[in-house]
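Q: This is the content of final-v4.txt (compact mmCIF, C-alpha atoms):
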```txt
# COMPACT_ATOMS: atom_id res chain seq x y z
CA MET A 1 0.00 0.00 0.00
CA LYS A 2 1.33 3.40 -0.98
CA ILE A 3 0.76 6.61 0.94
CA SER A 4 -1.47 7.83 -1.87
CA ASP A 5 -3.71 4.81 -1.24
CA LEU A 6 -4.42 6.22 2.21
CA ALA A 7 -5.27 9.56 0.61
CA SER A 8 -7.83 7.86 -1.62
CA MET A 9 -9.69 6.26 1.29
CA GLU A 10 -12.81 8.09 2.29
CA GLN A 11 -12.04 7.73 6.02
CA PHE A 12 -8.92 9.87 5.71
CA THR A 13 -8.46 13.56 4.99
CA CYS A 14 -4.99 14.49 3.86
CA LEU A 15 -3.77 17.52 5.83
CA GLN A 16 -0.22 17.54 4.51
CA GLU A 17 0.49 16.27 1.04
CA LYS A 18 4.14 17.12 0.47
CA TYR A 19 5.50 13.60 0.63
CA GLU A 20 7.24 11.04 -1.50
CA ASP A 21 4.67 8.41 -2.42
CA ILE A 22 6.54 5.41 -1.06
CA GLU A 23 5.30 1.94 -0.20
CA ILE A 24 4.16 1.69 3.38
CA GLU A 25 5.63 -1.44 4.91
CA ALA A 26 4.05 -1.51 8.37
CA GLY A 27 1.85 0.29 10.82
CA TYR A 28 2.32 1.27 14.44
CA THR A 29 -0.32 2.46 16.87
CA SER A 30 0.73 4.39 19.95
CA ASP A 31 0.28 7.69 21.75
CA LEU A 32 3.56 7.44 23.62
CA LEU A 33 6.32 8.95 21.57
CA SER A 34 9.18 7.04 23.21
CA ASP A 35 7.30 3.88 22.41
CA VAL A 36 7.02 5.03 18.79
CA MET A 37 10.69 5.97 18.80
CA GLY A 38 11.72 2.59 20.06
CA ASN A 39 9.38 0.35 18.11
CA ALA A 40 7.93 1.88 14.95
CA ALA A 41 9.41 0.42 11.79
CA GLU A 42 10.98 2.36 8.92
CA ASN A 43 8.50 3.36 6.21
CA SER A 44 5.55 2.75 8.49
CA VAL A 45 2.35 4.65 9.15
CA LEU A 46 1.82 5.93 12.69
CA ILE A 47 -1.72 5.84 14.07
CA THR A 48 -2.11 8.15 17.04
CA ILE A 49 -4.04 10.93 18.74
CA GLN A 50 -0.86 12.89 19.46
CA ALA A 51 -1.37 15.89 17.21
CA HIS A 52 1.64 18.09 17.75
CA LYS A 53 5.05 18.94 16.44
CA ASN A 54 6.84 16.41 18.64
CA THR A 55 5.03 13.62 16.80
CA VAL A 56 6.64 14.81 13.57
CA ALA A 57 10.09 14.97 15.18
CA VAL A 58 9.79 11.41 16.45
CA SER A 59 8.37 10.20 13.13
CA SER A 60 11.20 11.78 11.23
CA LEU A 61 13.86 10.22 13.47
CA ALA A 62 12.18 6.81 13.48
CA GLY A 63 11.62 6.79 9.72
CA VAL A 64 7.80 6.92 9.90
CA ALA A 65 6.47 7.95 6.49
CA ALA A 66 2.89 8.96 7.34
CA ILE A 67 0.87 9.93 10.40
CA ILE A 68 -2.84 9.35 10.89
CA ILE A 69 -4.40 11.56 13.55
CA CYS A 70 -7.47 9.84 15.00
CA ASN A 71 -10.68 11.06 16.65
CA ASN A 72 -10.67 14.22 14.51
CA ARG A 73 -8.00 15.79 16.66
CA ILE A 74 -6.83 19.12 15.27
CA ALA A 75 -3.32 19.16 13.84
CA PRO A 76 -1.75 22.55 14.64
CA GLU A 77 -0.11 24.63 11.93
CA ASP A 78 3.40 24.14 13.26
CA MET A 79 2.90 20.38 13.10
CA LEU A 80 1.86 20.55 9.45
CA ALA A 81 4.71 22.92 8.60
CA ALA A 82 7.22 20.56 10.24
CA SER A 83 5.79 17.53 8.47
CA ALA A 84 5.93 19.35 5.12
CA GLU A 85 9.57 20.13 5.76
CA GLU A 86 10.29 16.49 6.61
CA GLY A 87 8.13 15.09 3.79
CA ILE A 88 5.87 13.16 6.16
CA ALA A 89 2.22 12.82 5.10
CA VAL A 90 -0.40 13.71 7.71
CA PHE A 91 -3.97 12.41 7.60
CA GLN A 92 -6.94 13.01 9.86
CA THR A 93 -9.83 10.67 10.59
CA SER A 94 -12.92 10.70 12.77
CA GLU A 95 -12.35 7.05 13.68
CA ASN A 96 -10.51 5.93 16.80
CA GLN A 97 -7.11 4.23 16.86
CA PHE A 98 -8.54 0.71 17.05
CA LYS A 99 -10.76 1.00 13.99
CA THR A 100 -8.08 2.87 12.07
CA SER A 101 -5.45 0.25 12.87
CA ALA A 102 -7.77 -2.52 11.71
CA LEU A 103 -8.50 -0.66 8.48
CA VAL A 104 -4.84 0.02 7.74
CA ALA A 105 -3.86 -3.55 8.61
CA ARG A 106 -6.38 -4.87 6.08
CA HIS A 107 -4.83 -2.73 3.38
CA LEU A 108 -1.26 -3.61 4.15
CA ASP A 109 -1.56 -6.56 1.78
CA GLY A 110 -0.74 -9.26 4.27
CA ARG A 111 1.79 -7.15 6.12
CA ALA A 112 -0.32 -6.70 9.25
CA ALA A 113 0.64 -3.98 11.69
CA GLU A 114 3.87 -5.01 13.40
CA MET B 115 27.12 21.34 9.02
CA SER B 116 30.31 22.66 7.63
CA PRO B 117 33.70 22.43 9.33
CA GLU B 118 33.57 26.23 9.50
CA GLU B 119 30.41 26.08 11.58
CA ASN B 120 32.09 23.55 13.79
CA ARG B 121 34.81 26.10 14.57
CA GLN B 122 32.57 29.02 15.41
CA PRO B 123 33.73 30.77 18.61
CA LEU B 124 30.48 30.10 20.51
CA GLN B 125 30.46 26.46 19.56
CA SER B 126 34.10 26.17 20.58
CA SER B 127 33.33 27.52 24.02
CA LEU B 128 30.56 24.98 24.36
CA ARG B 129 33.00 22.29 23.40
CA VAL B 130 35.33 23.43 26.16
CA GLN B 131 32.44 23.39 28.58
CA GLU B 132 31.60 19.87 27.53
CA LEU B 133 35.20 18.80 28.03
CA LEU B 134 35.21 20.43 31.42
CA TYR B 135 31.99 18.70 32.36
CA GLY B 136 33.56 15.43 31.31
CA LEU B 137 36.25 15.73 34.00
CA ARG B 138 36.04 13.79 37.24
CA ILE B 139 36.30 15.51 40.59
CA SER B 140 39.42 13.43 41.36
CA GLU B 141 41.17 15.02 38.35
CA VAL B 142 40.52 18.53 39.60
CA MET B 143 40.60 18.45 43.42
CA THR B 144 43.55 19.27 45.66
CA ASN B 145 44.99 15.99 46.88
CA LYS B 146 47.07 17.59 49.60
CA VAL B 147 44.51 17.87 52.39
CA PHE B 148 44.92 19.58 55.72
CA ALA B 149 42.57 17.98 58.21
CA VAL B 150 42.36 17.89 61.97
CA SER B 151 41.20 15.19 64.36
CA LYS B 152 38.32 15.69 66.79
CA ASN B 153 40.78 16.21 69.65
CA CYS B 154 42.50 19.21 68.05
CA THR B 155 41.81 22.74 69.27
CA MET B 156 40.69 25.80 67.38
CA ARG B 157 44.18 27.15 67.96
CA ASP B 158 45.57 24.22 65.93
CA VAL B 159 43.09 25.10 63.21
CA ARG B 160 44.22 28.72 63.21
CA VAL B 161 47.85 27.66 62.70
CA ILE B 162 46.90 25.34 59.84
CA MET B 163 44.73 27.96 58.13
CA ARG B 164 47.34 30.71 58.52
CA ASN B 165 50.34 28.62 57.40
CA ASN B 166 48.58 27.16 54.40
CA GLU B 167 46.33 30.04 53.35
CA ILE B 168 43.18 27.98 53.38
CA SER B 169 39.71 28.97 54.53
CA GLY B 170 38.38 25.69 55.91
CA VAL B 171 39.63 22.51 57.53
CA PRO B 172 37.77 19.18 57.60
CA VAL B 173 37.56 17.34 60.89
CA VAL B 174 38.16 13.59 60.60
CA ASP B 175 37.70 10.54 62.75
CA SER B 176 39.59 7.51 61.38
CA LYS B 177 39.83 9.29 58.01
CA ARG B 178 36.01 9.76 57.87
CA VAL B 179 34.82 13.35 57.62
CA VAL B 180 32.76 14.22 60.71
CA GLY B 181 32.75 18.00 60.43
CA ILE B 182 34.32 21.09 58.95
CA VAL B 183 35.72 24.22 60.57
CA THR B 184 35.44 27.33 58.42
CA MET B 185 37.02 30.75 58.71
CA ASN B 186 33.75 31.99 60.20
CA ASP B 187 33.85 29.38 62.96
CA LEU B 188 37.44 30.38 63.71
CA MET B 189 36.55 34.11 63.85
CA ASN B 190 33.68 33.37 66.25
CA ALA B 191 35.94 31.32 68.55
CA LEU B 192 38.58 34.05 68.37
CA GLU B 193 36.02 36.72 69.23
CA GLU B 194 34.94 34.81 72.31
CA GLY B 195 38.51 34.03 73.34
CA ARG B 196 37.94 30.30 73.15
CA LEU B 197 40.75 29.17 70.87
CA ASP B 198 41.60 26.33 73.26
CA ASP B 199 38.18 24.74 72.77
CA CYS B 200 38.07 21.39 71.03
CA VAL B 201 37.13 21.73 67.33
CA VAL B 202 34.02 19.65 68.00
CA SER B 203 32.49 22.64 69.86
CA TRP B 204 32.77 24.90 66.81
CA MET B 205 32.71 22.74 63.71
CA SER B 206 29.70 22.29 61.45
CA GLY B 207 28.71 18.67 61.93
CA GLU B 208 26.57 18.30 58.85
CA VAL B 209 29.08 18.25 56.05
CA GLN B 210 28.23 18.00 52.38
CA THR B 211 30.93 15.85 50.82
CA LEU B 212 31.49 14.95 47.17
CA ALA B 213 32.60 11.57 45.85
CA GLU B 214 35.90 11.65 43.99
CA ASP B 215 34.59 9.66 41.01
CA MET B 216 31.65 12.01 40.40
CA PRO B 217 31.65 14.09 37.21
CA LEU B 218 32.83 17.64 37.83
CA SER B 219 29.44 18.86 36.60
CA PHE B 220 27.90 17.46 39.81
CA ALA B 221 30.33 19.55 41.86
CA ILE B 222 29.41 22.65 39.87
CA SER B 223 25.76 21.96 40.74
CA ALA B 224 26.72 21.56 44.39
CA PHE B 225 28.50 24.92 44.42
CA GLY B 226 25.35 26.45 42.96
CA LYS B 227 23.06 24.73 45.43
CA PHE B 228 25.02 25.25 48.65
CA SER B 229 26.83 28.39 49.70
CA PHE B 230 29.99 26.53 50.69
CA ARG B 231 33.32 27.68 49.35
CA GLN B 232 34.81 24.22 49.44
CA PHE B 233 33.80 20.60 49.64
CA PRO B 234 35.67 17.70 51.22
CA VAL B 235 36.04 14.89 48.70
CA VAL B 236 35.79 11.26 49.78
CA ASN B 237 36.56 7.88 48.21
CA LYS B 238 34.30 4.83 48.02
CA ALA B 239 35.19 3.94 51.63
CA ASN B 240 33.99 7.40 52.61
CA GLU B 241 37.53 8.45 53.56
CA LEU B 242 38.78 11.97 52.97
CA THR B 243 40.96 12.12 49.85
CA GLY B 244 40.84 15.73 48.75
CA ILE B 245 39.32 19.19 48.83
CA LEU B 246 37.53 20.87 45.97
CA THR B 247 37.33 24.66 45.71
CA PHE B 248 36.19 26.95 42.93
CA ARG B 249 39.85 27.77 42.43
CA ASN B 250 40.46 24.14 41.47
CA ILE B 251 37.66 24.39 38.93
CA ASN B 252 39.05 27.63 37.49
CA HIS B 253 42.46 26.02 37.06
CA ALA B 254 40.90 23.04 35.34
CA LEU B 255 39.00 25.40 33.04
CA ILE B 256 42.16 27.24 32.04
CA ARG B 257 43.93 23.93 31.46
CA GLU B 258 41.09 22.66 29.28
CA LEU B 259 40.86 25.97 27.42
CA SER B 260 44.54 25.76 26.54
CA ARG B 261 44.13 22.20 25.36
CA GLN B 262 41.08 23.18 23.31
CA LEU B 263 42.92 26.07 21.71
CA ARG B 264 45.78 23.79 20.73
CA GLU B 265 43.29 21.38 19.20
CA MET B 266 41.60 24.20 17.28
CA GLU B 267 44.94 25.38 15.93
CA GLN B 268 45.71 21.87 14.73
CA GLN B 269 42.23 21.63 13.20
CA ASN B 270 42.82 24.88 11.30
CA GLU B 271 46.07 23.52 9.96
CA ASN B 272 44.42 20.28 8.85
CA PRO B 273 40.78 20.99 8.01
CA PRO B 274 38.71 17.79 7.85
CA GLU B 275 37.53 16.40 4.52
CA PRO B 276 33.93 17.32 3.56
CA ASP B 277 32.80 13.69 3.90
CA SER B 278 34.83 13.07 7.06
CA LEU B 279 33.11 11.55 10.04
CA GLN B 280 35.27 13.60 12.43
CA PHE B 281 32.78 15.80 14.18
CA THR B 282 32.06 17.24 17.61
CA LYS B 283 29.05 19.30 18.52
CA VAL B 284 27.52 20.42 21.78
CA TYR B 285 23.89 21.52 22.17
CA GLN B 286 22.43 23.40 25.13
CA LEU B 287 18.89 22.43 26.09
CA ALA B 288 16.52 24.29 28.38
CA ARG B 289 13.85 22.84 30.64
CA TYR B 290 10.49 22.24 28.93
CA ASP B 291 11.79 23.58 25.61
CA PHE B 292 9.97 20.93 23.59
CA GLU B 293 10.06 23.37 20.68
CA ASN B 294 13.78 22.70 20.21
CA GLY B 295 13.95 19.18 21.62
CA GLY B 296 14.77 16.96 18.68
CA LYS B 297 16.72 19.47 16.60
CA ALA B 298 20.09 18.13 17.67
CA SER B 299 19.21 14.52 16.85
CA SER B 300 17.73 15.54 13.49
CA ALA B 301 20.90 17.43 12.59
CA ILE B 302 23.11 14.48 13.54
CA LYS B 303 20.86 12.08 11.64
CA LYS B 304 21.22 14.20 8.50
CA PHE B 305 24.98 14.46 9.01
CA LEU B 306 25.33 10.67 9.21
CA LYS B 307 22.94 10.00 6.30
CA LEU B 308 24.89 12.37 4.07
CA ARG B 309 28.00 10.36 4.85
CA ARG B 310 26.24 7.16 3.89
CA VAL B 311 26.31 5.57 7.33
CA PRO B 312 24.04 2.46 7.21
CA PRO B 313 20.40 3.37 7.99
CA LYS B 314 20.16 0.96 10.94
CA LEU B 315 23.09 2.63 12.63
CA VAL B 316 21.72 6.09 11.85
CA ARG B 317 18.43 5.10 13.44
CA ARG B 318 20.15 3.86 16.59
CA VAL B 319 22.06 7.12 16.92
CA ALA B 320 18.84 9.05 16.31
CA VAL B 321 16.95 7.09 18.96
CA ALA B 322 19.68 7.50 21.59
CA GLY B 323 20.18 11.17 20.78
CA TYR B 324 16.50 12.03 20.77
CA GLU B 325 15.70 10.21 24.01
CA LEU B 326 18.57 11.93 25.79
CA GLU B 327 17.52 15.25 24.30
CA ILE B 328 13.96 14.81 25.53
CA ASN B 329 15.19 13.66 28.95
CA LEU B 330 17.07 16.95 29.28
CA VAL B 331 14.01 18.94 28.23
CA ALA B 332 11.36 17.01 30.15
CA HIS B 333 13.09 15.73 33.26
CA SER B 334 15.99 18.05 34.06
CA ILE B 335 16.42 21.72 34.79
CA GLY B 336 18.46 21.95 31.60
CA GLY B 337 21.83 20.78 30.43
CA MET B 338 23.87 19.87 27.43
CA LEU B 339 24.03 17.13 24.87
CA SER B 340 27.18 16.42 22.95
CA PHE B 341 27.97 14.29 19.94
CA ASP B 342 31.54 13.18 19.42
CA ILE B 343 31.83 11.32 16.14
CA ASN B 344 34.73 9.63 14.40
CA ASP B 345 35.14 6.82 11.88
CA GLU B 346 34.81 4.23 14.61
CA ARG B 347 31.87 5.34 16.73
CA VAL B 348 29.35 7.95 17.79
CA LYS B 349 29.64 8.98 21.43
CA ILE B 350 26.63 10.81 22.83
CA SER B 351 26.91 12.42 26.25
CA SER B 352 24.26 14.23 28.20
CA HIS B 353 24.88 16.24 31.34
CA ASP B 354 22.27 18.01 33.34
CA ARG B 355 22.33 20.11 36.46
CA GLY B 356 19.61 18.32 38.36
CA PRO B 357 17.39 17.24 39.97
CA GLY B 358 19.12 13.83 39.70
CA ILE B 359 17.62 10.36 39.78
CA GLU B 360 16.75 8.74 43.09
CA ASN B 361 16.97 5.19 41.84
CA VAL B 362 18.83 4.56 38.59
CA ASP B 363 17.66 0.95 38.39
CA ASP B 364 14.04 2.13 38.45
CA ALA B 365 14.78 4.71 35.77
CA LEU B 366 16.17 1.96 33.55
CA THR B 367 13.03 -0.13 33.94
CA GLU B 368 10.63 0.11 30.99
CA GLY B 369 7.44 1.84 32.01
CA PHE B 370 8.80 3.49 35.16
CA SER B 371 8.12 7.20 34.93
CA THR B 372 8.01 10.24 37.16
CA ALA B 373 6.61 12.49 34.43
CA ASN B 374 3.87 14.94 35.33
CA GLU B 375 0.58 15.24 33.43
CA TRP B 376 1.80 18.09 31.26
CA ILE B 377 4.82 16.12 30.06
CA ARG B 378 2.53 13.18 29.36
CA SER B 379 0.22 15.43 27.39
CA GLN B 380 3.17 16.19 25.13
CA GLY B 381 3.42 12.49 24.35
CA PHE B 382 6.36 11.84 26.67
CA GLY B 383 6.78 10.18 30.04
CA ALA B 384 6.20 6.61 28.89
CA GLY B 385 9.13 5.47 30.97
CA MET B 386 10.98 4.20 27.92
CA GLY B 387 13.57 6.91 27.37
CA LEU B 388 16.60 5.53 29.18
CA PRO B 389 15.71 1.88 28.40
CA ASN B 390 15.55 2.85 24.70
CA VAL B 391 18.96 4.54 24.90
CA LYS B 392 20.48 1.52 26.61
CA ARG B 393 18.93 -0.87 24.10
CA VAL B 394 20.34 0.86 21.04
CA SER B 395 23.79 1.50 22.53
CA ASP B 396 26.87 -0.69 22.35
CA GLU B 397 28.16 0.97 25.50
CA PHE B 398 25.99 2.68 28.06
CA ALA B 399 26.83 4.40 31.33
CA ILE B 400 24.79 6.51 33.69
CA GLU B 401 25.65 8.37 36.87
CA SER B 402 23.30 10.44 38.91
CA ALA B 403 23.24 12.20 42.26
CA VAL B 404 20.10 13.73 43.72
CA GLY B 405 20.32 17.51 43.72
CA MET B 406 23.40 17.58 41.52
CA GLY B 407 22.59 16.09 38.17
CA THR B 408 22.78 13.17 35.83
CA MET B 409 25.34 12.14 33.26
CA VAL B 410 24.61 9.58 30.57
CA GLN B 411 26.99 8.30 27.94
CA ALA B 412 25.96 6.16 25.00
CA VAL B 413 28.37 4.80 22.41
CA ILE B 414 27.34 3.31 19.08
CA TYR B 415 30.01 1.67 16.95
CA LEU B 416 30.01 2.50 13.26
CA THR B 417 32.54 -0.07 12.20
CA GLN B 418 30.19 -3.05 12.14
CA GLU B 419 26.51 -3.75 12.35
CA LYS B 420 25.46 -5.34 15.60
CA ASP B 421 24.32 -8.96 15.32
CA ASP B 422 21.26 -8.15 17.38
CA GLU B 423 18.66 -7.18 14.79
CA ASN B 424 16.38 -5.84 17.49
CA LYS B 425 18.70 -2.99 18.32
```
Take the structure from the file and write it as structure tokens.

A:
Amino acid sequence: MKISDLASMEQFTCLQEKYEDIEIEAGYTSDLLSDVMGNAAENSVLITIQAHKNTVAVSSLAGVAAIIICNNRIAPEDMLAASAEEGIAVFQTSENQFKTSALVARHLDGRAAE
Amino acid sequence: MSPEENRQPLQSSLRVQELLYGLRISEVMTNKVFAVSKNCTMRDVRVIMRNNEISGVPVVDSKRVVGIVTMNDLMNALEEGRLDDCVVSWMSGEVQTLAEDMPLSFAISAFGKFSFRQFPVVNKANELTGILTFRNINHALIRELSRQLREMEQQNENPPEPDSLQFTKVYQLARYDFENGGKASSAIKKFLKLRRVPPKLVRRVAVAGYELEINLVAHSIGGMLSFDINDERVKISSHDRGPGIENVDDALTEGFSTANEWIRSQGFGAGMGLPNVKRVSDEFAIESAVGMGTMVQAVIYLTQEKDDENK
């Protein structure tokens, strides 16, 4: 599944579209950034409710390619600016982390969330 | 970052500071100690202070520090005409000592926290081995400055190659400055990627650097983070000025956290910071003293990939 595939899903609104459309290899769901830092895989999508700039910093350092903000949380401007600078896609959804994780896992073509 | 940036005056001073903070108290203290036993009189103390131009004398019992007599105590005894009193009557019994193997940064915190002009230094057996004054620290600073200047001169004569992995950088971090927390690690990650260091190693450096950076921002009153890189390894050191960790073993346990609600709201405080640093490091060391600070050092070798894929 490519990042653009997420953009085409009706559940997701793309808030930041300056990204390289790479193949997403895994997903990781967490709201604790050290947990993300330690465990999220390279080229993964992060599913979280943490909508702030620190999430982008952690994603960039961990190699996360896209972030999905759940529960319609508002992504602040500085978060979107930072993600544009780092080339990390940011999506928003009204669904919670559980439903979003299940949806993403189904689309990972057999590569369930690790 | 260019070599020119690396040699900027401000950055150079930070490098000196980092070097200074890397010193141990035992390397800086005065080893020649004038101490008195509990049976000595204030008159004995006066002779020692006058002959040796010192402003305080520790009182020892079987080499253990049990008190300290300062110039003030001596003046008070002199004023009351009681120089023949035993030192025990005039000494301060509650003495703040420093351990000789502590980083000098802890001593600097202690000078800031207490109004003492000197600290007795003790070994692991709690025996008096030295005295540390601000003068000692000033001398160490001058010595390190000279060494740093010599290094800078040599660096100017032999500027590093553009793709060289020789690099040293020190970052200052302030308490709760989440705005800037992460910038240092990002810069180092880019530096290593540009030099085609394998992605797994880059990630390990990024994880260790970022966790230490966030620890300084979220859990300390501020401090510094340094990266010392060469062809062989990346050495990351963090020094803070307090508050120190009560139980280091707890702090290294995944999930243990003392973070407040605000820190948690920022996405931190999962109790995984130090465990993450330790996990990704080939060498890991931590020292902490309550009220004085914490020093962490993480080394990641660049010469070979670790066998452990989980790192």

Q: Env of stretch 29-41 of chain A: 8 Å cut, atoms = only C-alpha atoms, seq-sep filter 6 positions within chain, self excluded. Answer as an MDAnalysis selection string.

A: (chainID A and resid 47:50 55 58:59 61:64 97 101 114) or (chainID B and resid 321 325 381:387 390)

Q: Restricting the calculation to all atoms listed in the file: of A:Leu46, A:Val104, A:Ile88, A:Ala57, which residue gets closest to A:Leu6?

A: A:Val104

Q: Would you write out, as CSV, a table of all residues in chain B that have an atom no more than 10 Å from an atom of chain A, listing for each the closest atom pair and the distance in Å to one decimal, considering all atoms listed in the file and ordering rows by chain and rising residue number?

A:
```
residue,atom,partner,partner_atom,distance
B:Phe292,CA,A:Asn54,CA,7.4
B:Glu293,CA,A:Lys53,CA,7.9
B:Asn294,CA,A:Asn54,CA,9.5
B:Gly295,CA,A:Asn54,CA,8.2
B:Gly296,CA,A:Ala57,CA,6.2
B:Lys297,CA,A:Ala57,CA,8.1
B:Ser299,CA,A:Leu61,CA,7.7
B:Ser300,CA,A:Leu61,CA,6.6
B:Lys303,CA,A:Leu61,CA,7.5
B:Lys304,CA,A:Leu61,CA,9.7
B:Pro313,CA,A:Glu42,CA,9.5
B:Lys314,CA,A:Glu42,CA,9.5
B:Val316,CA,A:Leu61,CA,9.0
B:Arg317,CA,A:Ala62,CA,6.5
B:Arg318,CA,A:Ala62,CA,9.0
B:Val319,CA,A:Leu61,CA,9.4
B:Ala320,CA,A:Leu61,CA,5.9
B:Val321,CA,A:Met37,CA,6.4
B:Ala322,CA,A:Gly38,CA,9.5
B:Gly323,CA,A:Leu61,CA,9.7
B:Tyr324,CA,A:Leu61,CA,8.0
B:Glu325,CA,A:Ser34,CA,7.3
B:Ile328,CA,A:Ser34,CA,9.4
B:Glu368,CA,A:Asp35,CA,9.9
B:Gly369,CA,A:Asp35,CA,9.8
B:Arg378,CA,A:Leu32,CA,8.2
B:Ser379,CA,A:Gln50,CA,8.4
B:Gln380,CA,A:Asn54,CA,7.5
B:Gly381,CA,A:Leu32,CA,5.1
B:Phe382,CA,A:Leu33,CA,5.9
B:Gly383,CA,A:Leu32,CA,7.7
B:Ala384,CA,A:Leu32,CA,6.0
B:Gly385,CA,A:Ser34,CA,7.9
B:Met386,CA,A:Ser34,CA,5.8
B:Gly387,CA,A:Ser34,CA,6.0
B:Leu388,CA,A:Ser34,CA,9.6
B:Pro389,CA,A:Gly38,CA,9.3
B:Asn390,CA,A:Gly38,CA,6.0
B:Val391,CA,A:Gly38,CA,8.9
B:Arg393,CA,A:Gly38,CA,9.0
B:Val394,CA,A:Gly38,CA,8.8
B:Asn424,CA,A:Asn39,CA,9.4
B:Lys425,CA,A:Gly38,CA,9.1
```

Q: Just to be explicit: take each residue in the selection above, keep C-alpha atoms, and write the result as an mmCIF file, in the coordinates of the input.

A:
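Printed below is selection.cif as written:
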```cif
data_model
loop_
_atom_site.group_PDB
_atom_site.id
_atom_site.type_symbol
_atom_site.label_atom_id
_atom_site.label_comp_id
_atom_site.auth_asym_id
_atom_site.auth_seq_id
_atom_site.Cartn_x
_atom_site.Cartn_y
_atom_site.Cartn_z
ATOM 1 C CA PHE B 292 9.970 20.930 23.590
ATOM 2 C CA GLU B 293 10.060 23.370 20.680
ATOM 3 C CA ASN B 294 13.780 22.700 20.210
ATOM 4 C CA GLY B 295 13.950 19.180 21.620
ATOM 5 C CA GLY B 296 14.770 16.960 18.680
ATOM 6 C CA LYS B 297 16.720 19.470 16.600
ATOM 7 C CA SER B 299 19.210 14.520 16.850
ATOM 8 C CA SER B 300 17.730 15.540 13.490
ATOM 9 C CA LYS B 303 20.860 12.080 11.640
ATOM 10 C CA LYS B 304 21.220 14.200 8.500
ATOM 11 C CA PRO B 313 20.400 3.370 7.990
ATOM 12 C CA LYS B 314 20.160 0.960 10.940
ATOM 13 C CA VAL B 316 21.720 6.090 11.850
ATOM 14 C CA ARG B 317 18.430 5.100 13.440
ATOM 15 C CA ARG B 318 20.150 3.860 16.590
ATOM 16 C CA VAL B 319 22.060 7.120 16.920
ATOM 17 C CA ALA B 320 18.840 9.050 16.310
ATOM 18 C CA VAL B 321 16.950 7.090 18.960
ATOM 19 C CA ALA B 322 19.680 7.500 21.590
ATOM 20 C CA GLY B 323 20.180 11.170 20.780
ATOM 21 C CA TYR B 324 16.500 12.030 20.770
ATOM 22 C CA GLU B 325 15.700 10.210 24.010
ATOM 23 C CA ILE B 328 13.960 14.810 25.530
ATOM 24 C CA GLU B 368 10.630 0.110 30.990
ATOM 25 C CA GLY B 369 7.440 1.840 32.010
ATOM 26 C CA ARG B 378 2.530 13.180 29.360
ATOM 27 C CA SER B 379 0.220 15.430 27.390
ATOM 28 C CA GLN B 380 3.170 16.190 25.130
ATOM 29 C CA GLY B 381 3.420 12.490 24.350
ATOM 30 C CA PHE B 382 6.360 11.840 26.670
ATOM 31 C CA GLY B 383 6.780 10.180 30.040
ATOM 32 C CA ALA B 384 6.200 6.610 28.890
ATOM 33 C CA GLY B 385 9.130 5.470 30.970
ATOM 34 C CA MET B 386 10.980 4.200 27.920
ATOM 35 C CA GLY B 387 13.570 6.910 27.370
ATOM 36 C CA LEU B 388 16.600 5.530 29.180
ATOM 37 C CA PRO B 389 15.710 1.880 28.400
ATOM 38 C CA ASN B 390 15.550 2.850 24.700
ATOM 39 C CA VAL B 391 18.960 4.540 24.900
ATOM 40 C CA ARG B 393 18.930 -0.870 24.100
ATOM 41 C CA VAL B 394 20.340 0.860 21.040
ATOM 42 C CA ASN B 424 16.380 -5.840 17.490
ATOM 43 C CA LYS B 425 18.700 -2.990 18.320
#
```

Q: Mind listing as a PyMOL selection string all residues within 6 Å of (30.3, 12.2, 24.4), counting all atoms listed in the file?

A: chain B and resi 340-342+349-351

Q: For atom CA of B:Asp345 and atom CA of B:Ser278, determine how far apart the two atoms are, in Å to one decimal place.

A: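 We find that atom CA of B:Asp345 and atom CA of B:Ser278 lie 7.9 Å from each other.
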
Q: To one decimal in Å, tell me the separation between atom CA of B:Phe148 and atom CA of B:Leu242.

A: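 Calculated distance between atom CA of B:Phe148 and atom CA of B:Leu242 is 10.2 Å.
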
Q: For stretch 199-211 of chain B, find every residue with an atom within 12 Å (counting only C-alpha atoms), except residues of its own chain fewer than 6 positions away, and show them as a PyMOL selection string.

A: chain B and resi 139+149-160+170-175+178-192+220-221+224-225+227-238+240-246+405-406

Q: Which residues come within 8 Å of B:His333, counting all atoms listed in the file, excluding same-chain residues fewer than 3 positions away, as a short mmCIF file (atom, residue, chain, number, x, y, z; two decimals) with C-alpha atoms, keeping the file's coordinate frame?

A:
```cif
data_model
loop_
_atom_site.label_atom_id
_atom_site.label_comp_id
_atom_site.auth_asym_id
_atom_site.auth_seq_id
_atom_site.Cartn_x
_atom_site.Cartn_y
_atom_site.Cartn_z
CA ARG B 289 13.85 22.84 30.64
CA ILE B 328 13.96 14.81 25.53
CA ASN B 329 15.19 13.66 28.95
CA LEU B 330 17.07 16.95 29.28
CA ALA B 373 6.61 12.49 34.43
#
```

Q: Residues near stretch 7-23 of chain A, anyone? I mean within 10 Å using only C-alpha atoms, not counting same-chain ones fewer than 5 positions away, as a ChimeraX atom specification.

A: /A:1-2,43-44,65-70,72,75,79-95,100,103,108

Q: Residues proximal to (23.3, 12.3, 40.1) were defined as those with any atom within 8 Å of that point in the file's coordinates, counting only C-alpha atoms. Which are they, as a VMD selection string?

A: chain B and resid 220 356 to 359 401 to 409

Q: In Å, rounded to a single decimal, give me how far atom CA of B:Lys392 is from atom CA of B:Phe370.

A: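 Between atom CA of B:Phe370 and atom CA of B:Lys392 the gap is 14.6 Å.
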